[in-house]
Each structure stands twice: as C-alpha cells, then as structure tokens.
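Visitor: Dropping in my_file.cif, with mmCIF, N, CA, C and O atoms.
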data_upload
loop_
_atom_site.label_atom_id
_atom_site.label_comp_id
_atom_site.auth_asym_id
_atom_site.auth_seq_id
_atom_site.Cartn_x
_atom_site.Cartn_y
_atom_site.Cartn_z
N MET A 21 0.82 -1.19 0.00
CA MET A 21 0.00 0.00 0.00
C MET A 21 0.86 1.26 0.00
O MET A 21 0.56 2.22 -0.69
N LYS A 22 1.95 1.23 0.80
CA LYS A 22 2.86 2.36 0.85
C LYS A 22 3.52 2.59 -0.51
O LYS A 22 3.74 3.73 -0.92
N LEU A 23 3.83 1.52 -1.19
CA LEU A 23 4.48 1.61 -2.50
C LEU A 23 3.55 2.30 -3.50
O LEU A 23 3.99 3.15 -4.28
N ILE A 24 2.27 1.98 -3.48
CA ILE A 24 1.30 2.59 -4.40
C ILE A 24 1.19 4.09 -4.11
O ILE A 24 1.17 4.91 -5.03
N ILE A 25 1.14 4.48 -2.86
CA ILE A 25 1.06 5.89 -2.49
C ILE A 25 2.30 6.64 -2.96
O ILE A 25 2.22 7.74 -3.50
N LEU A 26 3.48 6.05 -2.77
CA LEU A 26 4.72 6.68 -3.21
C LEU A 26 4.76 6.83 -4.73
O LEU A 26 5.23 7.86 -5.24
N ILE A 27 4.28 5.85 -5.45
CA ILE A 27 4.25 5.93 -6.91
C ILE A 27 3.30 7.03 -7.37
O ILE A 27 3.63 7.81 -8.27
N VAL A 28 2.13 7.14 -6.75
CA VAL A 28 1.17 8.18 -7.11
C VAL A 28 1.77 9.56 -6.82
O VAL A 28 1.65 10.49 -7.64
N ILE A 29 2.41 9.73 -5.69
CA ILE A 29 3.03 11.01 -5.35
C ILE A 29 4.15 11.34 -6.35
O ILE A 29 4.26 12.48 -6.82
N ALA A 30 4.96 10.36 -6.69
CA ALA A 30 6.05 10.58 -7.64
C ALA A 30 5.50 10.98 -9.01
O ALA A 30 6.02 11.90 -9.65
N LEU A 31 4.45 10.33 -9.46
CA LEU A 31 3.84 10.68 -10.75
C LEU A 31 3.25 12.09 -10.71
O LEU A 31 3.37 12.85 -11.68
N ALA A 32 2.63 12.45 -9.60
CA ALA A 32 2.06 13.79 -9.47
C ALA A 32 3.16 14.85 -9.54
O ALA A 32 3.01 15.89 -10.19
N VAL A 33 4.29 14.60 -8.89
CA VAL A 33 5.41 15.54 -8.92
C VAL A 33 5.97 15.65 -10.34
O VAL A 33 6.27 16.74 -10.82
N ILE A 34 6.10 14.54 -11.03
CA ILE A 34 6.62 14.55 -12.40
C ILE A 34 5.69 15.34 -13.32
O ILE A 34 6.15 16.17 -14.11
N VAL A 35 4.39 15.12 -13.22
CA VAL A 35 3.43 15.86 -14.05
C VAL A 35 3.49 17.34 -13.73
O VAL A 35 3.49 18.19 -14.62
N TRP A 36 3.57 17.68 -12.44
CA TRP A 36 3.64 19.09 -12.04
C TRP A 36 4.90 19.75 -12.61
O TRP A 36 4.84 20.87 -13.12
N LEU A 37 6.05 19.07 -12.53
CA LEU A 37 7.30 19.63 -13.06
C LEU A 37 7.23 19.81 -14.58
O LEU A 37 7.75 20.79 -15.11
N GLN A 38 6.61 18.87 -15.28
CA GLN A 38 6.50 18.99 -16.74
C GLN A 38 5.62 20.19 -17.11
O GLN A 38 5.93 20.93 -18.04
N ARG A 39 4.53 20.39 -16.40
CA ARG A 39 3.66 21.55 -16.67
C ARG A 39 4.39 22.85 -16.37
O ARG A 39 4.26 23.83 -17.10
N LEU A 40 5.14 22.88 -15.28
CA LEU A 40 5.91 24.06 -14.92
C LEU A 40 6.94 24.38 -16.01
O LEU A 40 7.09 25.53 -16.41
N LYS A 41 7.61 23.37 -16.49
CA LYS A 41 8.61 23.54 -17.55
C LYS A 41 7.95 24.07 -18.83
O LYS A 41 8.47 24.97 -19.49
N LYS A 42 6.79 23.52 -19.18
CA LYS A 42 6.08 23.95 -20.38
C LYS A 42 5.63 25.41 -20.24
O LYS A 42 5.77 26.20 -21.17
N ASN A 43 5.12 25.79 -19.08
CA ASN A 43 4.68 27.17 -18.86
C ASN A 43 5.84 28.14 -18.89
O ASN A 43 5.72 29.25 -19.42
N LEU A 44 6.98 27.78 -18.33
CA LEU A 44 8.16 28.66 -18.37
C LEU A 44 8.65 28.83 -19.80
O LEU A 44 9.03 29.92 -20.20
N GLY A 45 8.61 27.77 -20.59
CA GLY A 45 9.02 27.86 -21.99
C GLY A 45 8.09 28.76 -22.78
O GLY A 45 8.52 29.54 -23.63
N ARG A 46 6.81 28.70 -22.50
CA ARG A 46 5.82 29.54 -23.17
C ARG A 46 6.04 31.00 -22.80
O ARG A 46 5.97 31.88 -23.64
N ASP A 47 6.32 31.28 -21.52
CA ASP A 47 6.56 32.65 -21.07
C ASP A 47 7.83 33.22 -21.70
O ASP A 47 7.86 34.37 -22.10
N ARG A 48 8.86 32.43 -21.81
CA ARG A 48 10.11 32.91 -22.40
C ARG A 48 9.95 33.20 -23.88
O ARG A 48 10.47 34.19 -24.37
N SER A 49 9.21 32.36 -24.59
CA SER A 49 9.03 32.61 -26.03
C SER A 49 8.18 33.84 -26.27
O SER A 49 8.36 34.57 -27.23
N ALA A 50 7.26 34.15 -25.37
CA ALA A 50 6.41 35.33 -25.52
C ALA A 50 7.18 36.61 -25.22
O ALA A 50 6.88 37.66 -25.78
N SER A 51 8.20 36.54 -24.36
CA SER A 51 8.94 37.75 -24.00
C SER A 51 10.22 37.91 -24.81
O SER A 51 11.00 38.80 -24.53
N GLY A 52 10.46 37.08 -25.80
CA GLY A 52 11.62 37.24 -26.64
C GLY A 52 12.80 36.39 -26.23
O GLY A 52 13.93 36.69 -26.57
N GLY A 53 12.59 35.32 -25.49
CA GLY A 53 13.66 34.40 -25.19
C GLY A 53 14.15 34.43 -23.75
O GLY A 53 14.75 33.49 -23.29
N SER A 54 13.95 35.49 -23.04
CA SER A 54 14.42 35.58 -21.67
C SER A 54 13.36 36.24 -20.81
O SER A 54 12.76 37.22 -21.22
N PRO A 55 13.14 35.74 -19.62
CA PRO A 55 12.13 36.37 -18.76
C PRO A 55 12.57 37.76 -18.30
O PRO A 55 11.78 38.55 -17.84
N PHE A 56 13.87 38.09 -18.47
CA PHE A 56 14.38 39.39 -18.04
C PHE A 56 14.79 40.25 -19.22
O PHE A 56 15.54 41.20 -19.07
N ALA A 57 14.30 39.95 -20.41
CA ALA A 57 14.72 40.64 -21.62
C ALA A 57 14.34 42.11 -21.63
O ALA A 57 15.05 42.93 -22.18
N LYS A 58 13.25 42.48 -21.02
CA LYS A 58 12.78 43.86 -21.08
C LYS A 58 12.84 44.55 -19.73
O LYS A 58 12.06 45.43 -19.44
N GLY A 59 13.72 44.11 -18.87
CA GLY A 59 13.87 44.78 -17.59
C GLY A 59 12.91 44.30 -16.52
O GLY A 59 12.60 45.03 -15.61
N GLY A 60 12.40 43.09 -16.64
CA GLY A 60 11.53 42.54 -15.60
C GLY A 60 10.18 43.19 -15.57
O GLY A 60 9.53 43.39 -16.57
N ALA A 61 9.73 43.58 -14.37
CA ALA A 61 8.39 44.14 -14.19
C ALA A 61 8.26 45.50 -14.86
O ALA A 61 7.19 45.86 -15.32
N ALA A 62 9.32 46.28 -14.94
CA ALA A 62 9.24 47.59 -15.57
C ALA A 62 8.94 47.45 -17.06
O ALA A 62 8.20 48.24 -17.63
N GLY A 63 9.48 46.42 -17.71
CA GLY A 63 9.21 46.20 -19.12
C GLY A 63 7.78 45.75 -19.34
O GLY A 63 7.15 46.13 -20.33
N ALA A 64 7.23 44.98 -18.42
CA ALA A 64 5.85 44.53 -18.56
C ALA A 64 4.87 45.68 -18.42
O ALA A 64 3.83 45.70 -19.05
N ALA A 65 5.20 46.67 -17.59
CA ALA A 65 4.32 47.81 -17.40
C ALA A 65 4.22 48.65 -18.67
O ALA A 65 3.20 49.27 -18.94
N ASN A 66 5.28 48.66 -19.48
CA ASN A 66 5.28 49.44 -20.71
C ASN A 66 4.40 48.81 -21.78
O ASN A 66 4.01 49.48 -22.72
N GLU A 67 4.09 47.53 -21.65
CA GLU A 67 3.30 46.83 -22.66
C GLU A 67 1.80 46.96 -22.42
O GLU A 67 1.02 46.58 -23.27
N LEU A 68 1.38 47.49 -21.29
CA LEU A 68 -0.04 47.61 -20.99
C LEU A 68 -0.68 48.66 -21.90
O LEU A 68 -0.06 49.68 -22.20
N PRO A 69 -1.90 48.42 -22.33
CA PRO A 69 -2.56 49.43 -23.17
C PRO A 69 -2.84 50.70 -22.37
O PRO A 69 -3.06 50.66 -21.16
N GLN A 70 -2.81 51.82 -23.06
CA GLN A 70 -3.06 53.10 -22.40
C GLN A 70 -4.54 53.24 -22.07
O GLN A 70 -5.40 52.80 -22.82
N ALA A 71 -4.83 53.88 -20.96
CA ALA A 71 -6.21 54.09 -20.55
C ALA A 71 -6.84 55.15 -21.45
O ALA A 71 -6.19 56.11 -21.84
N GLU A 72 -8.09 54.95 -21.79
CA GLU A 72 -8.80 55.88 -22.66
C GLU A 72 -9.56 56.89 -21.80
O GLU A 72 -10.04 56.58 -20.71
N ALA A 73 -9.66 58.11 -22.29
CA ALA A 73 -10.37 59.16 -21.56
C ALA A 73 -11.85 58.81 -21.48
O ALA A 73 -12.44 58.30 -22.43
N MET A 74 -12.44 59.10 -20.32
CA MET A 74 -13.86 58.85 -20.10
C MET A 74 -14.59 60.18 -20.08
O MET A 74 -14.07 61.18 -19.58
N VAL A 75 -15.79 60.19 -20.64
CA VAL A 75 -16.62 61.40 -20.65
C VAL A 75 -18.00 61.05 -20.11
O VAL A 75 -18.39 59.89 -20.07
N ALA A 76 -18.73 62.06 -19.66
CA ALA A 76 -20.07 61.86 -19.11
C ALA A 76 -21.11 62.33 -20.12
O ALA A 76 -20.95 63.36 -20.76
N CYS A 77 -22.19 61.58 -20.24
CA CYS A 77 -23.30 61.93 -21.12
C CYS A 77 -24.00 63.16 -20.56
O CYS A 77 -24.30 63.22 -19.36
N ALA A 78 -24.27 64.13 -21.42
CA ALA A 78 -24.94 65.36 -20.99
C ALA A 78 -26.41 65.10 -20.64
O ALA A 78 -27.02 65.87 -19.91
N GLN A 79 -26.97 64.00 -21.11
CA GLN A 79 -28.38 63.69 -20.85
C GLN A 79 -28.56 62.87 -19.58
O GLN A 79 -29.31 63.24 -18.70
N CYS A 80 -27.85 61.74 -19.49
CA CYS A 80 -28.08 60.82 -18.36
C CYS A 80 -26.94 60.80 -17.34
O CYS A 80 -27.11 60.28 -16.24
N GLY A 81 -25.78 61.31 -17.70
CA GLY A 81 -24.67 61.37 -16.76
C GLY A 81 -23.79 60.14 -16.71
O GLY A 81 -22.83 60.10 -15.94
N ILE A 82 -24.08 59.12 -17.49
CA ILE A 82 -23.28 57.90 -17.47
C ILE A 82 -21.91 58.19 -18.07
O ILE A 82 -21.78 58.98 -19.00
N HIS A 83 -20.85 57.57 -17.52
CA HIS A 83 -19.49 57.72 -18.03
C HIS A 83 -19.20 56.60 -19.01
O HIS A 83 -19.56 55.45 -18.77
N PHE A 84 -18.53 56.93 -20.11
CA PHE A 84 -18.20 55.96 -21.14
C PHE A 84 -16.96 56.44 -21.88
O PHE A 84 -16.56 57.61 -21.75
N PRO A 85 -16.30 55.59 -22.68
CA PRO A 85 -15.08 55.98 -23.40
C PRO A 85 -15.37 57.10 -24.41
O PRO A 85 -16.41 57.11 -25.07
N ALA A 86 -14.44 58.02 -24.53
CA ALA A 86 -14.61 59.16 -25.43
C ALA A 86 -14.73 58.71 -26.89
O ALA A 86 -15.38 59.39 -27.69
N SER A 87 -14.16 57.56 -27.24
CA SER A 87 -14.23 57.10 -28.63
C SER A 87 -15.64 56.68 -29.02
O SER A 87 -15.95 56.58 -30.21
N GLU A 88 -16.51 56.44 -28.05
CA GLU A 88 -17.88 56.01 -28.32
C GLU A 88 -18.88 57.17 -28.21
O GLU A 88 -20.09 56.96 -28.27
N ALA A 89 -18.38 58.39 -28.04
CA ALA A 89 -19.25 59.54 -27.79
C ALA A 89 -19.93 60.05 -29.06
O ALA A 89 -19.38 59.97 -30.16
N PHE A 90 -21.13 60.57 -28.89
CA PHE A 90 -21.87 61.28 -29.93
C PHE A 90 -21.87 62.75 -29.50
O PHE A 90 -22.31 63.06 -28.39
N ALA A 91 -21.39 63.64 -30.36
CA ALA A 91 -21.32 65.05 -29.99
C ALA A 91 -22.32 65.85 -30.82
O ALA A 91 -22.65 65.48 -31.95
N ASP A 92 -22.78 66.97 -30.24
CA ASP A 92 -23.66 67.86 -31.01
C ASP A 92 -22.86 69.11 -31.40
O ASP A 92 -21.66 69.21 -31.13
N ALA A 93 -23.51 70.06 -32.04
CA ALA A 93 -22.84 71.25 -32.54
C ALA A 93 -22.24 72.10 -31.41
O ALA A 93 -21.23 72.77 -31.61
N SER A 94 -22.83 72.07 -30.23
CA SER A 94 -22.33 72.88 -29.12
C SER A 94 -21.14 72.23 -28.42
O SER A 94 -20.53 72.83 -27.54
N GLY A 95 -20.80 70.99 -28.77
CA GLY A 95 -19.67 70.29 -28.16
C GLY A 95 -20.05 69.37 -27.02
O GLY A 95 -19.19 68.72 -26.44
N ALA A 96 -21.32 69.31 -26.66
CA ALA A 96 -21.76 68.41 -25.60
C ALA A 96 -21.68 66.97 -26.11
O ALA A 96 -21.89 66.71 -27.30
N VAL A 97 -21.34 66.04 -25.23
CA VAL A 97 -21.21 64.65 -25.63
C VAL A 97 -22.33 63.82 -25.02
O VAL A 97 -22.82 64.10 -23.93
N PHE A 98 -22.71 62.77 -25.77
CA PHE A 98 -23.82 61.91 -25.37
C PHE A 98 -23.43 60.45 -25.57
O PHE A 98 -22.59 60.13 -26.41
N CYS A 99 -24.09 59.57 -24.83
CA CYS A 99 -23.79 58.14 -24.91
C CYS A 99 -24.47 57.49 -26.11
O CYS A 99 -24.07 56.41 -26.54
N SER A 100 -25.51 58.13 -26.67
CA SER A 100 -26.20 57.56 -27.82
C SER A 100 -26.81 58.68 -28.65
O SER A 100 -26.97 59.81 -28.19
N ALA A 101 -27.15 58.34 -29.88
CA ALA A 101 -27.79 59.31 -30.75
C ALA A 101 -29.16 59.69 -30.21
O ALA A 101 -29.61 60.83 -30.38
N GLU A 102 -29.82 58.76 -29.54
CA GLU A 102 -31.12 59.02 -28.95
C GLU A 102 -31.04 60.11 -27.86
O GLU A 102 -31.85 61.02 -27.79
N HIS A 103 -30.02 60.02 -27.01
CA HIS A 103 -29.84 61.03 -25.97
C HIS A 103 -29.47 62.38 -26.58
O HIS A 103 -29.87 63.42 -26.07
N ARG A 104 -28.70 62.35 -27.67
CA ARG A 104 -28.38 63.61 -28.34
C ARG A 104 -29.65 64.25 -28.88
O ARG A 104 -29.88 65.45 -28.76
N ARG A 105 -30.53 63.43 -29.46
CA ARG A 105 -31.79 63.93 -30.01
C ARG A 105 -32.69 64.46 -28.88
O ARG A 105 -33.28 65.53 -29.00
N LEU A 106 -32.78 63.73 -27.78
CA LEU A 106 -33.61 64.17 -26.66
C LEU A 106 -33.11 65.48 -26.04
O LEU A 106 -33.91 66.32 -25.64
N HIS A 107 -31.83 65.65 -25.98
CA HIS A 107 -31.26 66.85 -25.38
C HIS A 107 -31.49 68.07 -26.26
O HIS A 107 -31.68 69.17 -25.74
N SER A 108 -31.49 67.88 -27.58
CA SER A 108 -31.69 69.01 -28.49
C SER A 108 -33.16 69.42 -28.56
O SER A 108 -33.48 70.52 -29.02
N SER A 109 -34.06 68.56 -28.12
CA SER A 109 -35.49 68.87 -28.18
C SER A 109 -35.92 69.88 -27.13
O SER A 109 -35.40 70.00 -26.08
#
Kindly transcribe the structure held in the file into structure tokens.

Guide:
Amino acid sequence: MKLIILIVIALAVIVWLQRLKKNLGRDRSASGGSPFAKGGAAGAANELPQAEAMVACAQCGIHFPASEAFADASGAVFCSAEHRRLHSS
C-alpha cells in the first residue's frame, strides 16, 4: 500500500514539473527568449494598453469611453444618438 502511495506522489510531482517547464518555456518565447529581456516588471508595465479618456453623457450622466461619444454642434457629448436627439429637443 505504501508503495502505491509513493508511486502516485512521484507521478504527481513529475506531471507538475512537466507543466511548470512547459509554462516557463511559453513565457520565455512570448517575452523574446528571456524572462528578463525587457527589464523585468518595468518592461511589462510598458506593454499595458493606455487608458482611454472617459466622458459623461450630458443627458443621463453615465461615463463611457470618449471614442464612443456622440457630440452635437455645441460640443456636448452623449452616450447615444437618442440622448443627443432628446437633449436638443
């Protein structure tokens, strides 16, 4: 019984080490060959996408990305064409 438990534990450790090795290889290939190629954590921070400016709808007040805004002639921004129409009425 002890032998079976030891074999199961040994197999679990082997599988865990193989997965760890595979994950480290995947991380290195994604970063250009070395986990420290771009300066460690400082290099990873440079790869994050930039935050987009948020604006508030002049009709309902909800905040949303500026790229999705509908503007009227006065420069007010809205979350939808419907709110722009309602505000101009």

Visitor: Quick one: which residues end up in the PyMOL selection byres ((chain A and resi 85) around 6) for this structure, as a VMD selection string?

Guide: chain A and resid 72 to 75 83 to 84 86 to 89

Visitor: Residues picked by the PyMOL selection byres ((chain A and resi 97-107) around 4.5) here, as a list of chain:residue names?

Guide: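 On this input, the PyMOL selection byres ((chain A and resi 97-107) around 4.5) captures A:Ala76, A:Cys77, A:Ala78, A:Glu88, A:Ala89, A:Phe90, A:Ala91, A:Gly95, A:Ala96, A:Ser108, A:Ser109.
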
Visitor: In Å, rounded to a single decimal, give me how far atom O of Leu26 of chain A is from atom CA of Arg46 of chain A.

Guide: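 Calculated distance between atom CA of Arg46 of chain A and atom O of Leu26 of chain A is 28.1 Å.
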
Visitor: What gap, in Å, lies between atom C of Pro69 of chain A and atom O of Arg48 of chain A?

Guide: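 Value for the atom C of Pro69 of chain A-atom O of Arg48 of chain A distance: 21.3 Å.
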